[in-house]
Each structure stands twice: as structure tokens, then as C-alpha cells.
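Next up, my_file36.cif (mmCIF, C-alpha atoms):
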```
data_run
loop_
_atom_site.label_atom_id
_atom_site.label_comp_id
_atom_site.auth_asym_id
_atom_site.auth_seq_id
_atom_site.Cartn_x
_atom_site.Cartn_y
_atom_site.Cartn_z
CA MET A 242 0.00 0.00 0.00
CA ALA A 243 1.67 3.18 -1.18
CA ARG A 244 1.79 6.10 1.23
CA PRO A 245 -0.57 8.83 0.03
CA ILE A 246 1.20 11.93 -1.32
CA ARG A 247 -0.74 15.16 -1.78
CA ILE A 248 0.66 17.87 -4.03
CA LYS A 249 -0.51 21.46 -4.39
CA THR A 250 0.89 24.05 -6.72
CA ARG A 251 0.12 27.74 -6.79
CA ARG A 252 1.44 30.80 -8.54
CA ILE A 253 2.58 33.67 -6.34
CA GLY A 254 3.81 36.57 -8.44
CA GLY A 255 6.49 35.31 -10.78
CA GLU A 256 7.15 32.18 -8.73
CA THR A 257 5.45 28.82 -8.45
CA GLU A 258 5.06 27.36 -4.99
CA LEU A 259 5.20 23.56 -4.83
CA LEU A 260 3.79 21.98 -1.69
CA ALA A 261 3.77 18.28 -0.95
CA MET A 262 2.67 16.21 2.03
CA VAL A 263 3.49 12.54 2.56
CA THR A 264 1.52 10.49 5.10
CA HIS A 265 4.41 9.06 7.09
CA PRO A 266 4.82 8.30 10.81
CA MET A 267 8.28 9.96 11.02
CA ASP A 268 9.09 7.93 14.17
CA THR A 269 12.22 9.10 15.96
CA GLY A 270 12.98 5.75 17.53
CA ARG A 271 12.89 7.24 21.03
CA VAL A 272 9.17 6.89 21.77
CA LYS A 273 7.81 3.92 23.72
CA ASN A 274 4.71 2.02 22.72
CA LYS A 275 2.29 2.68 25.62
CA LYS A 276 0.93 -0.86 25.56
CA THR A 277 4.09 -2.95 25.18
CA GLY A 278 6.58 -0.57 26.82
CA LYS A 279 9.01 -1.19 23.95
CA LEU A 280 10.60 1.52 21.84
CA ILE A 281 8.90 2.17 18.49
CA PRO A 282 11.69 1.74 15.94
CA ALA A 283 12.89 4.77 14.01
CA HIS A 284 11.08 5.21 10.70
CA TYR A 285 11.56 8.52 8.96
CA ILE A 286 11.94 10.01 5.50
CA GLU A 287 15.56 10.67 4.60
CA LYS A 288 15.38 12.29 1.18
CA PHE A 289 12.58 14.33 -0.34
CA GLU A 290 12.92 15.57 -3.94
CA PHE A 291 11.02 17.83 -6.30
CA ALA A 292 11.56 17.48 -10.03
CA ILE A 293 10.04 19.47 -12.86
CA ASN A 294 9.74 17.71 -16.20
CA GLY A 295 12.16 15.09 -14.92
CA LYS A 296 14.86 17.53 -13.79
CA VAL A 297 15.49 17.72 -10.02
CA VAL A 298 14.94 21.30 -8.80
CA ALA A 299 15.02 20.82 -5.02
CA SER A 300 16.27 18.16 -2.65
CA ALA A 301 15.74 18.04 1.11
CA ASN A 302 17.31 15.82 3.77
CA LEU A 303 14.56 15.41 6.37
CA GLY A 304 15.38 13.00 9.20
CA PRO A 305 13.84 12.25 12.61
CA ALA A 306 13.47 15.91 13.61
CA VAL A 307 10.63 16.40 11.13
CA SER A 308 7.20 15.59 12.53
CA LYS A 309 4.56 13.14 11.36
CA ASN A 310 3.01 13.64 7.90
CA ALA A 311 5.88 15.74 6.66
CA MET A 312 4.92 18.73 4.57
CA VAL A 313 7.62 20.31 2.40
CA GLY A 314 7.30 23.39 0.22
CA VAL A 315 9.59 25.16 -2.24
CA LYS A 316 9.26 28.14 -4.52
CA VAL A 317 10.70 27.91 -8.02
CA ARG A 318 10.98 30.26 -10.96
CA GLY A 319 10.52 29.38 -14.57
CA ALA A 320 7.86 26.71 -14.12
CA LYS A 321 4.95 26.94 -16.55
CA ALA A 322 1.40 25.65 -16.41
CA GLY A 323 1.34 22.18 -17.88
CA ASP A 324 4.83 21.26 -16.63
CA THR A 325 4.89 18.06 -14.59
CA VAL A 326 6.08 18.19 -11.00
CA THR A 327 7.24 14.91 -9.49
CA VAL A 328 7.66 14.42 -5.77
CA SER A 329 9.74 11.46 -4.60
CA TRP A 330 10.95 10.32 -1.22
CA ASN A 331 12.80 7.45 0.42
CA ASP A 332 13.23 6.52 4.08
CA ASN A 333 15.58 4.76 6.47
CA LYS A 334 13.72 1.48 6.06
CA LYS A 335 14.31 1.54 2.31
CA GLU A 336 10.67 2.42 1.60
CA SER A 337 10.03 4.95 -1.13
CA GLY A 338 7.30 6.57 -3.13
CA SER A 339 6.66 9.15 -5.77
CA LYS A 340 3.82 10.99 -7.45
CA SER A 341 3.54 13.25 -10.47
CA GLN A 342 1.06 15.99 -11.12
CA PRO A 343 0.73 18.73 -13.75
CA ILE A 344 1.35 22.29 -12.57
CA ARG A 345 -1.81 24.39 -12.91
CA MET B 221 -36.53 60.51 49.10
CA LYS B 222 -40.05 59.77 47.98
CA LYS B 223 -39.17 60.66 44.35
CA ILE B 224 -36.17 58.27 44.38
CA ALA B 225 -38.35 55.57 45.86
CA MET B 226 -40.95 56.13 43.13
CA ILE B 227 -38.29 55.91 40.38
CA LEU B 228 -36.90 52.73 41.88
CA ILE B 229 -40.37 51.17 42.11
CA VAL B 230 -41.14 52.02 38.48
CA LEU B 231 -37.76 50.66 37.33
CA GLY B 232 -38.25 47.53 39.37
CA ALA B 233 -41.71 46.99 37.91
CA THR B 234 -40.45 47.43 34.34
CA LEU B 235 -37.51 45.10 34.84
CA GLY B 236 -39.67 42.68 36.75
CA VAL B 237 -42.14 42.57 33.89
CA ALA B 238 -39.35 42.07 31.38
CA LEU B 239 -37.85 39.21 33.39
CA ALA B 240 -41.20 37.59 33.95
CA ALA B 241 -41.97 37.87 30.22
CA LYS B 242 -42.33 34.37 28.82
CA ALA B 243 -38.89 33.25 27.64
CA ASP B 244 -39.31 30.94 24.71
CA PRO B 245 -36.69 29.52 22.33
CA ALA B 246 -37.37 32.12 19.65
CA HIS B 247 -36.89 34.92 22.14
CA ASP B 248 -33.73 33.22 23.52
CA LEU B 249 -32.35 32.85 19.98
CA LYS B 250 -32.80 36.52 19.13
CA ALA B 251 -31.09 37.61 22.38
CA PHE B 252 -28.24 35.08 21.99
CA GLN B 253 -27.39 35.81 18.37
CA GLY B 254 -27.95 39.53 18.92
CA TYR B 255 -25.38 39.55 21.70
CA PHE B 256 -22.64 38.12 19.46
CA LEU B 257 -23.53 40.14 16.39
CA LYS B 258 -23.25 43.25 18.55
CA LYS B 259 -20.04 42.15 20.31
CA PHE B 260 -18.25 41.37 17.02
CA PRO B 261 -19.69 43.87 14.55
CA GLY B 262 -17.67 42.83 11.48
CA VAL B 263 -18.47 39.13 11.76
CA LYS B 264 -21.38 37.78 9.71
CA LEU B 265 -23.64 35.11 11.20
CA SER B 266 -22.58 32.65 8.50
CA SER B 267 -18.89 32.93 9.53
CA TYR B 268 -19.55 31.51 12.97
CA HIS B 269 -19.02 27.94 11.76
CA ASP B 270 -15.28 28.73 11.88
CA GLY B 271 -15.30 29.07 15.66
CA LEU B 272 -12.56 31.23 17.12
CA TYR B 273 -11.10 31.86 13.64
CA ALA B 274 -14.12 34.02 12.80
CA LEU B 275 -13.15 36.55 15.47
CA PRO B 276 -10.92 39.56 14.81
CA GLN B 277 -9.04 38.82 18.07
CA ALA B 278 -7.76 35.56 16.54
CA LYS B 279 -5.87 37.02 13.58
CA GLU B 280 -2.62 35.13 14.25
CA GLU B 281 -4.43 31.90 15.03
CA ARG B 282 -6.40 32.31 11.80
CA ALA B 283 -3.22 32.77 9.75
CA GLU B 284 -1.84 29.55 11.23
CA TRP B 285 -5.15 27.79 10.57
CA GLU B 286 -5.14 28.90 6.93
CA GLN B 287 -1.62 27.46 6.56
CA ILE B 288 -2.77 24.13 7.98
CA MET B 289 -5.85 24.14 5.72
CA VAL B 290 -3.64 23.99 2.61
CA PHE B 291 -3.51 20.27 3.38
CA PRO B 292 -6.53 19.73 5.64
CA PRO B 293 -5.50 17.09 8.19
CA TYR B 294 -9.04 15.65 8.28
CA GLU B 295 -8.94 14.44 4.66
CA LEU B 296 -7.83 10.91 5.47
CA GLY B 297 -10.36 10.47 8.29
CA LEU B 298 -13.12 11.81 6.06
CA GLU B 299 -12.16 9.32 3.35
CA LYS B 300 -12.39 6.49 5.88
CA GLY B 301 -15.83 7.75 6.93
CA LYS B 302 -16.95 7.77 3.31
CA GLU B 303 -15.71 4.20 2.83
CA PHE B 304 -17.55 2.99 5.94
CA TRP B 305 -20.72 4.82 4.86
CA ASN B 306 -20.66 3.30 1.39
CA LYS B 307 -19.50 -0.18 2.39
CA ASN B 308 -22.43 -0.57 4.82
CA HIS B 309 -25.01 1.23 2.64
CA LEU B 310 -25.86 3.60 5.50
CA ALA B 311 -27.50 6.02 3.05
CA SER B 312 -30.55 3.75 2.94
CA CYS B 313 -31.38 4.56 6.59
CA PHE B 314 -31.61 8.32 6.04
CA ARG B 315 -34.00 10.58 4.20
CA ASN B 316 -32.61 11.70 0.84
CA GLY B 317 -29.71 9.30 1.29
CA GLY B 318 -28.40 11.51 4.10
CA LYS B 319 -27.85 14.54 1.89
CA GLY B 320 -29.00 17.85 3.39
CA VAL B 321 -30.48 16.14 6.44
CA ALA B 322 -27.79 16.85 9.04
CA ALA B 323 -28.91 20.47 9.38
CA HIS B 324 -32.11 19.23 11.05
CA TYR B 325 -30.39 17.13 13.71
CA PRO B 326 -30.95 16.53 16.58
CA TYR B 327 -34.65 15.76 16.29
CA TRP B 328 -37.39 14.47 18.56
CA ASP B 329 -38.44 10.86 17.96
CA ALA B 330 -42.07 10.81 19.15
CA ARG B 331 -42.31 7.02 19.14
CA ALA B 332 -39.11 6.37 21.08
CA LYS B 333 -39.81 9.51 23.16
CA GLU B 334 -36.21 10.68 22.96
CA VAL B 335 -33.86 13.04 21.17
CA ARG B 336 -32.05 11.37 18.29
CA THR B 337 -28.58 12.41 17.16
CA ILE B 338 -26.66 11.33 14.06
CA VAL B 339 -24.58 9.03 16.28
CA ASN B 340 -27.79 7.36 17.53
CA ASP B 341 -29.16 6.95 14.00
CA ILE B 342 -25.94 5.53 12.55
CA ASN B 343 -25.80 2.92 15.30
CA SER B 344 -29.45 1.93 14.93
CA CYS B 345 -28.89 1.72 11.18
CA LEU B 346 -26.05 -0.75 11.74
CA VAL B 347 -28.21 -2.79 14.13
CA LYS B 348 -31.06 -2.79 11.60
CA LYS B 349 -28.64 -4.27 9.07
CA GLY B 350 -27.65 -7.03 11.48
CA MET B 351 -24.34 -5.50 12.55
CA LYS B 352 -23.01 -4.52 15.96
CA PRO B 353 -23.31 -0.88 17.01
CA ILE B 354 -20.08 1.11 17.30
CA LYS B 355 -18.91 1.37 20.90
CA ASN B 356 -16.39 4.21 20.63
CA LEU B 357 -18.51 7.36 20.34
CA LYS B 358 -15.58 9.76 20.76
CA SER B 359 -13.22 9.11 17.85
CA GLY B 360 -12.40 6.55 15.19
CA THR B 361 -14.99 5.00 12.91
CA MET B 362 -18.03 6.74 14.42
CA ALA B 363 -16.41 10.19 14.33
CA GLN B 364 -15.25 9.62 10.74
CA THR B 365 -18.64 8.38 9.59
CA VAL B 366 -20.60 11.19 11.28
CA ALA B 367 -18.13 13.64 9.71
CA TYR B 368 -18.78 12.20 6.26
CA MET B 369 -22.56 12.12 6.73
CA LYS B 370 -22.63 15.73 7.98
CA SER B 371 -20.37 16.84 5.13
CA LEU B 372 -23.19 15.84 2.76
CA SER B 373 -25.07 18.80 4.28
CA ASN B 374 -22.30 21.38 4.10
CA GLY B 375 -23.70 24.81 3.34
CA TYR B 376 -27.18 23.87 4.58
CA ARG B 377 -28.33 26.21 7.35
CA VAL B 378 -29.04 24.79 10.81
CA HIS B 379 -32.78 24.50 11.45
CA ILE B 380 -34.23 22.25 14.16
CA ASN B 381 -37.70 21.88 15.57
CA VAL B 382 -38.06 22.24 19.36
CA SER B 383 -41.84 22.53 19.53
CA ALA B 384 -42.63 18.96 20.70
CA PRO B 385 -43.07 18.99 24.50
CA GLY B 386 -40.37 16.36 25.02
CA MET B 387 -37.95 18.27 22.81
CA ARG B 388 -38.79 21.55 24.48
CA LYS B 389 -38.02 19.96 27.86
CA MET B 390 -34.61 18.87 26.57
CA TYR B 391 -34.04 22.38 25.21
CA GLU B 392 -34.74 23.90 28.63
CA GLU B 393 -32.45 21.36 30.35
CA GLY B 394 -29.71 22.10 27.86
CA LYS B 395 -30.14 25.81 28.39
CA LYS B 396 -29.82 25.34 32.15
CA PHE B 397 -26.70 23.21 31.65
CA PHE B 398 -25.10 25.86 29.44
CA TRP B 399 -25.59 28.69 31.90
CA ALA B 400 -25.00 26.75 35.17
CA LYS B 401 -21.70 26.86 37.04
CA ARG B 402 -19.93 23.55 37.42
CA GLY B 403 -16.69 21.97 38.49
CA GLN B 404 -14.04 22.86 41.00
CA LEU B 405 -13.25 25.96 38.96
CA ASN B 406 -16.92 26.93 39.09
CA PHE B 407 -17.30 27.91 35.42
CA ALA B 408 -20.34 27.81 33.22
CA CYS B 409 -20.09 27.22 29.48
CA ALA B 410 -21.33 30.80 29.19
CA ASP B 411 -18.47 32.20 31.27
CA CYS B 412 -15.87 31.33 28.63
CA HIS B 413 -17.95 31.22 25.47
CA VAL B 414 -20.32 34.13 25.98
CA HIS B 415 -18.82 36.59 28.45
CA ALA B 416 -15.16 35.91 27.60
CA ALA B 417 -15.52 35.04 23.90
CA GLY B 418 -12.58 36.56 22.04
CA MET B 419 -10.50 36.84 25.20
CA HIS B 420 -7.48 34.68 26.00
CA ILE B 421 -7.30 31.71 28.32
CA GLY B 422 -3.69 30.74 28.70
CA GLY B 423 -2.34 30.87 25.18
CA ASN B 424 -5.64 30.26 23.47
CA VAL B 425 -8.38 32.53 22.18
CA LEU B 426 -11.83 31.53 23.44
CA GLY B 427 -14.28 30.83 20.66
CA PRO B 428 -17.88 32.07 20.70
CA ALA B 429 -20.69 29.75 21.72
CA LEU B 430 -22.55 30.92 18.64
CA GLY B 431 -21.75 28.32 16.01
CA HIS B 432 -20.90 25.59 18.53
CA GLY B 433 -21.26 22.24 16.80
CA THR B 434 -21.63 23.52 13.24
CA GLY B 435 -18.08 22.39 12.52
CA PHE B 436 -18.27 19.09 14.39
CA PRO B 437 -16.97 16.39 14.14
CA VAL B 438 -13.73 18.27 14.22
CA TYR B 439 -10.04 17.51 13.67
CA ARG B 440 -8.26 18.93 16.67
CA SER B 441 -4.49 19.15 16.38
CA LYS B 442 -4.38 18.20 20.06
CA TRP B 443 -6.26 14.97 19.32
CA GLY B 444 -4.42 14.27 16.07
CA LYS B 445 -7.66 12.88 14.70
CA LEU B 446 -11.36 13.52 14.14
CA GLY B 447 -13.53 13.61 17.25
CA THR B 448 -17.17 14.03 18.13
CA LEU B 449 -19.02 16.91 19.81
CA HIS B 450 -19.73 14.94 22.96
CA TRP B 451 -16.06 14.09 23.30
CA ARG B 452 -15.32 17.81 23.29
CA TYR B 453 -18.06 18.40 25.86
CA MET B 454 -16.33 15.82 28.06
CA GLY B 455 -12.99 17.62 27.67
CA CYS B 456 -14.49 21.00 28.48
CA ASN B 457 -16.11 19.63 31.64
CA LYS B 458 -12.81 18.03 32.71
CA GLN B 459 -11.03 21.34 32.10
CA VAL B 460 -13.16 23.05 34.77
CA ARG B 461 -12.61 19.96 36.96
CA ALA B 462 -16.16 18.75 36.69
CA LYS B 463 -16.92 15.06 36.25
CA PRO B 464 -17.66 14.50 32.56
CA PHE B 465 -20.84 12.79 31.40
CA LYS B 466 -20.80 9.94 28.88
CA PRO B 467 -21.06 10.53 25.12
CA GLN B 468 -24.74 10.48 24.05
CA SER B 469 -25.83 10.90 27.67
CA LYS B 470 -29.11 12.73 28.29
CA GLN B 471 -27.21 15.75 29.64
CA TYR B 472 -25.00 16.17 26.58
CA LYS B 473 -27.89 15.55 24.20
CA ALA B 474 -29.85 18.29 25.98
CA LEU B 475 -26.88 20.65 25.75
CA GLN B 476 -26.55 19.79 22.06
CA VAL B 477 -30.23 20.59 21.48
CA TYR B 478 -29.83 24.02 23.10
CA GLU B 479 -26.57 24.85 21.31
CA THR B 480 -27.90 23.66 17.96
CA TYR B 481 -31.03 25.76 18.30
CA MET B 482 -28.83 28.79 19.06
CA ASP B 483 -27.00 28.04 15.77
CA THR B 484 -30.17 28.50 13.71
CA GLY B 485 -29.30 29.93 10.31
CA ILE B 486 -25.58 29.11 10.36
CA PRO B 487 -24.43 26.93 7.44
CA LEU B 488 -22.76 23.63 8.35
CA LYS B 489 -19.02 23.27 7.64
CA VAL B 490 -17.91 19.77 8.48
CA PRO B 491 -15.32 18.58 9.32
CA GLY B 492 -13.82 21.57 11.08
CA GLN B 493 -10.13 22.03 11.82
CA ARG B 494 -9.10 23.50 15.16
CA GLY B 495 -5.69 24.10 16.67
#
```
Go ahead and express the file in the form of C-alpha cells.
Amino acid sequence: MARPIRIKTRRIGGETELLAMVTHPMDTGRVKNKKTGKLIPAHYIEKFEFAINGKVVASANLGPAVSKNAMVGVKVRGAKAGDTVTVSWNDNKKESGSKSQPIR
Amino acid sequence: MKKIAMILIVLGATLGVALAAKADPAHDLKAFQGYFLKKFPGVKLSSYHDGLYALPQAKEERAEWEQIMVFPPYELGLEKGKEFWNKNHLASCFRNGGKGVAAHYPYWDARAKEVRTIVNDINSCLVKKGMKPIKNLKSGTMAQTVAYMKSLSNGYRVHINVSAPGMRKMYEEGKKFFWAKRGQLNFACADCHVHAAGMHIGGNVLGPALGHGTGFPVYRSKWGKLGTLHWRYMGCNKQVRAKPFKPQSKQYKALQVYETYMDTGIPLKVPGQRG
């Protein structure tokens, strides 16, 4: 079951804002499960990338400091309506996902 | 001395007459809504479904809320509610398939002689279809499903009927509950949500009582999930160190009847996002 990714794009002046949210627990590895008393193992996104028409425009190293359901946003210039934005991520447990969407 | 006494007697008689004037729900409604519309002159009645974010005193909170609403956190829970609703064909238990109906809840069931809420009707629908009723009435499946069902009535203006004697009795009990002091901290709902609406309590801005429930079930950042109105009632009672009642208890249903009647004319906006 792929983790849902939601993407929103909006034009602000001459720039295009790209916003993406991945449903991900972002566990730090330091929290105990209330029922079992055992530590919940670390599970967090490591890399988060934005690409436009296949070319990477922004790359973020997230890590355990970012909270659950990580939301990342960037502003880019030069993107046009109809271009395809692709969001991809991978985590410390070797899970990954990606989603593409046209820019409005 | 005599003149002052005369003035006082006349004043007393006028006030006395006014107080003794028959208070009925319609009269209560006009006074209640009038109070808020006067206290917050720029805020339209229809904006009150946004709770504290409708108030000018909550400008910073509103900016934060608008940021969060770019990706509304309730979307996943709402989806789950929709799946549950469709999977179990709950639409067949409601008039018009459940669309537009939520604005007329709660209602008086003359046969059962009780107030019926959406939670009640969803559970009896499940029982009618040979399934077990949902036990958790605070969050999870019930909250998600009520949220979805109510969202089918978004934009519809609240309008409930309190004329049946049994319903009117519940209205009066709810009204008493709302205005009565309770808990170790000795607060009434009205103290925070009428008199202190727009003021701060700790780091939070107090929302107005007008509109209470029109955004419920709500996603509270504190809860990290969707939750029901009665769960919030429980929390509020605990906050003033009063013993909470159970979800769907007679007391909370009565309070809900009163608050919903006070919301007459406000369009539903479900699910809400708070905090």
C-alpha cells in the first residue's frame, strides 16, 4: 500500500510554490509504545525531492526531527502551467514513493 | 426621598415585567445571536461555523489555521468515513440518502420519546442491518462516519424543531446546563464562550458559543484525529474539573439541542479544523 502523497501548486507573483505532504509516521525511535513498553523503531523520510519535467529542482534531507506527515514546500521560478512536477521520497527502512502531477 | 423611591419602584416593575416575560426559544435565539452580532460587529452570522477563527481577536491563530488548511488534516479520516458509509449502505437509513439532512439534527423521535442524534441513527442503522453498534462514540470510525454524513449537508443552514413537549423539555435542560456553574473551577459554558468570547485563556483565544457544533466532528491538532461533539463536551467539563458525562448521555444531548437551536441559520461546515 503506497503512502498517500498530496501535491498542491500555486502561482505567487512570478514564482510557483510547490507543496507536498506525505503520510508518514516519522518515528524518531525514542518513543515507547504505551501498551508494550518497547521503543517504536525509528522510521523517517531521509530524502525528499522535487523534479520538474524530470529535472530535479530541489532536494531536502529530512530525518527524525521532522514531525509526522511531513509537509515540504519550495518556490521555483521558470515553471509553466502544464509542466509536470514529481515528488519522490525514500526513508531509512528503504521504503520509497513518488507521485507526479501537472502544474496548474 | 419619595421621588427616588418612586423611580426605583417604576424601574423595578419594568424590569420585573421584562424578566417575567415568557422566555421561549425564539426569544432566547434573538437575544443570543444579537449579543454576538453586537459584540463582534464585522463578523457575519454565516462565519460563525469557523469558531474562534471568525473573530478579529484571533488574527494570528487564523493565519496559522489557513496554513494548515492547505492540506486539511481531516482528509484521510473523512475518506475512511466515506468508505464505511458506502461499504455498509448507510445512506438507505436516512431521508434523501443523508444529503442535506444533518442540518435538522438533533430531532425528537415521538415514538421512542427521545432526542435522536446522528450518532444514535448511525448505530441503529447498523443494528437494523444485522451489525453490531459502534462502541467508541468519541473518535475513530463513528467520528469519521458522522463527519462524512454531515459533510453531505455542508452549506445547509441549521434549522431544528423544538416545539414537541419532550424536545422543548430537553431544550430547557440544555439551556440550564449551558448557563450553570460547574466543576471545582466553578465555570459555566457561558463564562468562557459568551462573556469571555474573544478573550485569551492561557495561550488560546476563546471561541464564541454561537456556532458551537456547526463544525463538528472536528479535527483537533491536540487529538491528532477527528472527534465528536460529545467528546469535546467531556474535555471541556474536565477542564473546569467537573466530572464528565458519557457521550450520548441525556445531559450532553440536551446541551446539544440548546446549542444547535442557538445556531439556527448558520451553514454547516464539516469537518472543522481546530488548533
Could you check which of A:Arg345, A:Lys316, A:Lys296, A:Lys334 is closest to His284 of chain A, using only C-alpha atoms?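 With only C-alpha atoms as the atom set, the closest residue is A:Lys334.
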Would you mind listing, as a list of chain:residue names, all residues of chain A that have at least one atom within 12 Å of chain B, where all atoms listed in the file are what counts?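 Taken together, these residues fit the definition: A:Arg244, A:Pro245, A:Ile246, A:Arg247, A:Ile248, A:Lys249, A:Thr250, A:Arg251, A:Leu259, A:Leu260, A:Ala261, A:Met262, A:Val263, A:Thr264, A:Lys309, A:Asn310, A:Ala311, A:Met312, A:Val313, A:Gly314.
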Gap from atom CA of Leu249 of chain B to atom CA of Val414 of chain B - Å, one decimal: 13.5 Å
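Taking atom CA of Gly271 of chain B and atom CA of Glu393 of chain B as endpoints, the distance between them is 23.9 Å.
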Exercise: Gly360 of chain B partners within 9 Å, only C-alpha atoms, chain neighbours under 4 positions left out, as a list in words: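 Residues near the query, excluding close chain neighbours: Gly297, Asn356, Gln364, Thr365, Lys445, Leu446 and Gly447 of chain B.
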Near-segment 304-320 of chain B list (9 Å; all atoms listed in the file; drop same-chain fewer than 2 positions) as a PDB file with C-alpha atoms, keeping the file's coordinate frame:
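Saved as out19.pdb:
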```
ATOM      1  CA  GLU B 299     -12.160   9.320   3.350  1.00  0.00           C
ATOM      2  CA  LYS B 300     -12.390   6.490   5.880  1.00  0.00           C
ATOM      3  CA  GLY B 301     -15.830   7.750   6.930  1.00  0.00           C
ATOM      4  CA  LYS B 302     -16.950   7.770   3.310  1.00  0.00           C
ATOM      5  CA  ALA B 322     -27.790  16.850   9.040  1.00  0.00           C
ATOM      6  CA  ALA B 323     -28.910  20.470   9.380  1.00  0.00           C
ATOM      7  CA  HIS B 324     -32.110  19.230  11.050  1.00  0.00           C
ATOM      8  CA  ASP B 341     -29.160   6.950  14.000  1.00  0.00           C
ATOM      9  CA  ILE B 342     -25.940   5.530  12.550  1.00  0.00           C
ATOM     10  CA  SER B 344     -29.450   1.930  14.930  1.00  0.00           C
ATOM     11  CA  CYS B 345     -28.890   1.720  11.180  1.00  0.00           C
ATOM     12  CA  LEU B 346     -26.050  -0.750  11.740  1.00  0.00           C
ATOM     13  CA  LYS B 348     -31.060  -2.790  11.600  1.00  0.00           C
ATOM     14  CA  LYS B 349     -28.640  -4.270   9.070  1.00  0.00           C
ATOM     15  CA  THR B 361     -14.990   5.000  12.910  1.00  0.00           C
ATOM     16  CA  GLN B 364     -15.250   9.620  10.740  1.00  0.00           C
ATOM     17  CA  THR B 365     -18.640   8.380   9.590  1.00  0.00           C
ATOM     18  CA  TYR B 368     -18.780  12.200   6.260  1.00  0.00           C
ATOM     19  CA  MET B 369     -22.560  12.120   6.730  1.00  0.00           C
ATOM     20  CA  LYS B 370     -22.630  15.730   7.980  1.00  0.00           C
ATOM     21  CA  SER B 371     -20.370  16.840   5.130  1.00  0.00           C
ATOM     22  CA  LEU B 372     -23.190  15.840   2.760  1.00  0.00           C
ATOM     23  CA  SER B 373     -25.070  18.800   4.280  1.00  0.00           C
ATOM     24  CA  ASN B 374     -22.300  21.380   4.100  1.00  0.00           C
ATOM     25  CA  GLY B 375     -23.700  24.810   3.340  1.00  0.00           C
ATOM     26  CA  TYR B 376     -27.180  23.870   4.580  1.00  0.00           C
TER      27      TYR B 376
END
```
Counting all atoms listed in the file, what is within 10 Å of Gln404 of chain B, bar same-chain residues fewer than 4 positions away, as a PyMOL selection string? chain B and resi 458-463
Selected residues, C-alpha atoms, written as a PDB file, keeping the file's coordinate frame, please.
```pdb
ATOM      1  CA  LYS B 458     -12.810  18.030  32.710  1.00  0.00           C
ATOM      2  CA  GLN B 459     -11.030  21.340  32.100  1.00  0.00           C
ATOM      3  CA  VAL B 460     -13.160  23.050  34.770  1.00  0.00           C
ATOM      4  CA  ARG B 461     -12.610  19.960  36.960  1.00  0.00           C
ATOM      5  CA  ALA B 462     -16.160  18.750  36.690  1.00  0.00           C
ATOM      6  CA  LYS B 463     -16.920  15.060  36.250  1.00  0.00           C
TER       7      LYS B 463
END
```
What do you get, as a PyMOL selection string, if you spell out every residue that the PyMOL selection byres ((chain B and resi 453) around 12) selects here? chain B and resi 358+397-398+409+432-433+436-437+447-452+454-460+462-469+471-476+479
Reference answer for the PyMOL selection byres ((chain B and resi 268) around 12), as a PyMOL selection string: chain B and resi 253+256-257+260+262-267+269-276+377-378+427-435+482-489+492
Quick one: apply the PyMOL selection byres ((chain A and resi 306) around 12) to the file and drop the selected residues here as a ChimeraX atom specification. /A:266-271,283-287,302-305,307-309,311
Write out as a VMD selection string each polymer residue whose atoms come within 6 Å of Pro343 of chain A, counting all atoms listed in the file; drop sequence neighbours fewer than 2 positions from it. chain A and resid 323 to 325
How many Å separate atom CA of Val317 of chain A from atom CA of Ala283 of chain B?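 Calculated distance between atom CA of Val317 of chain A and atom CA of Ala283 of chain B is 23.1 Å.
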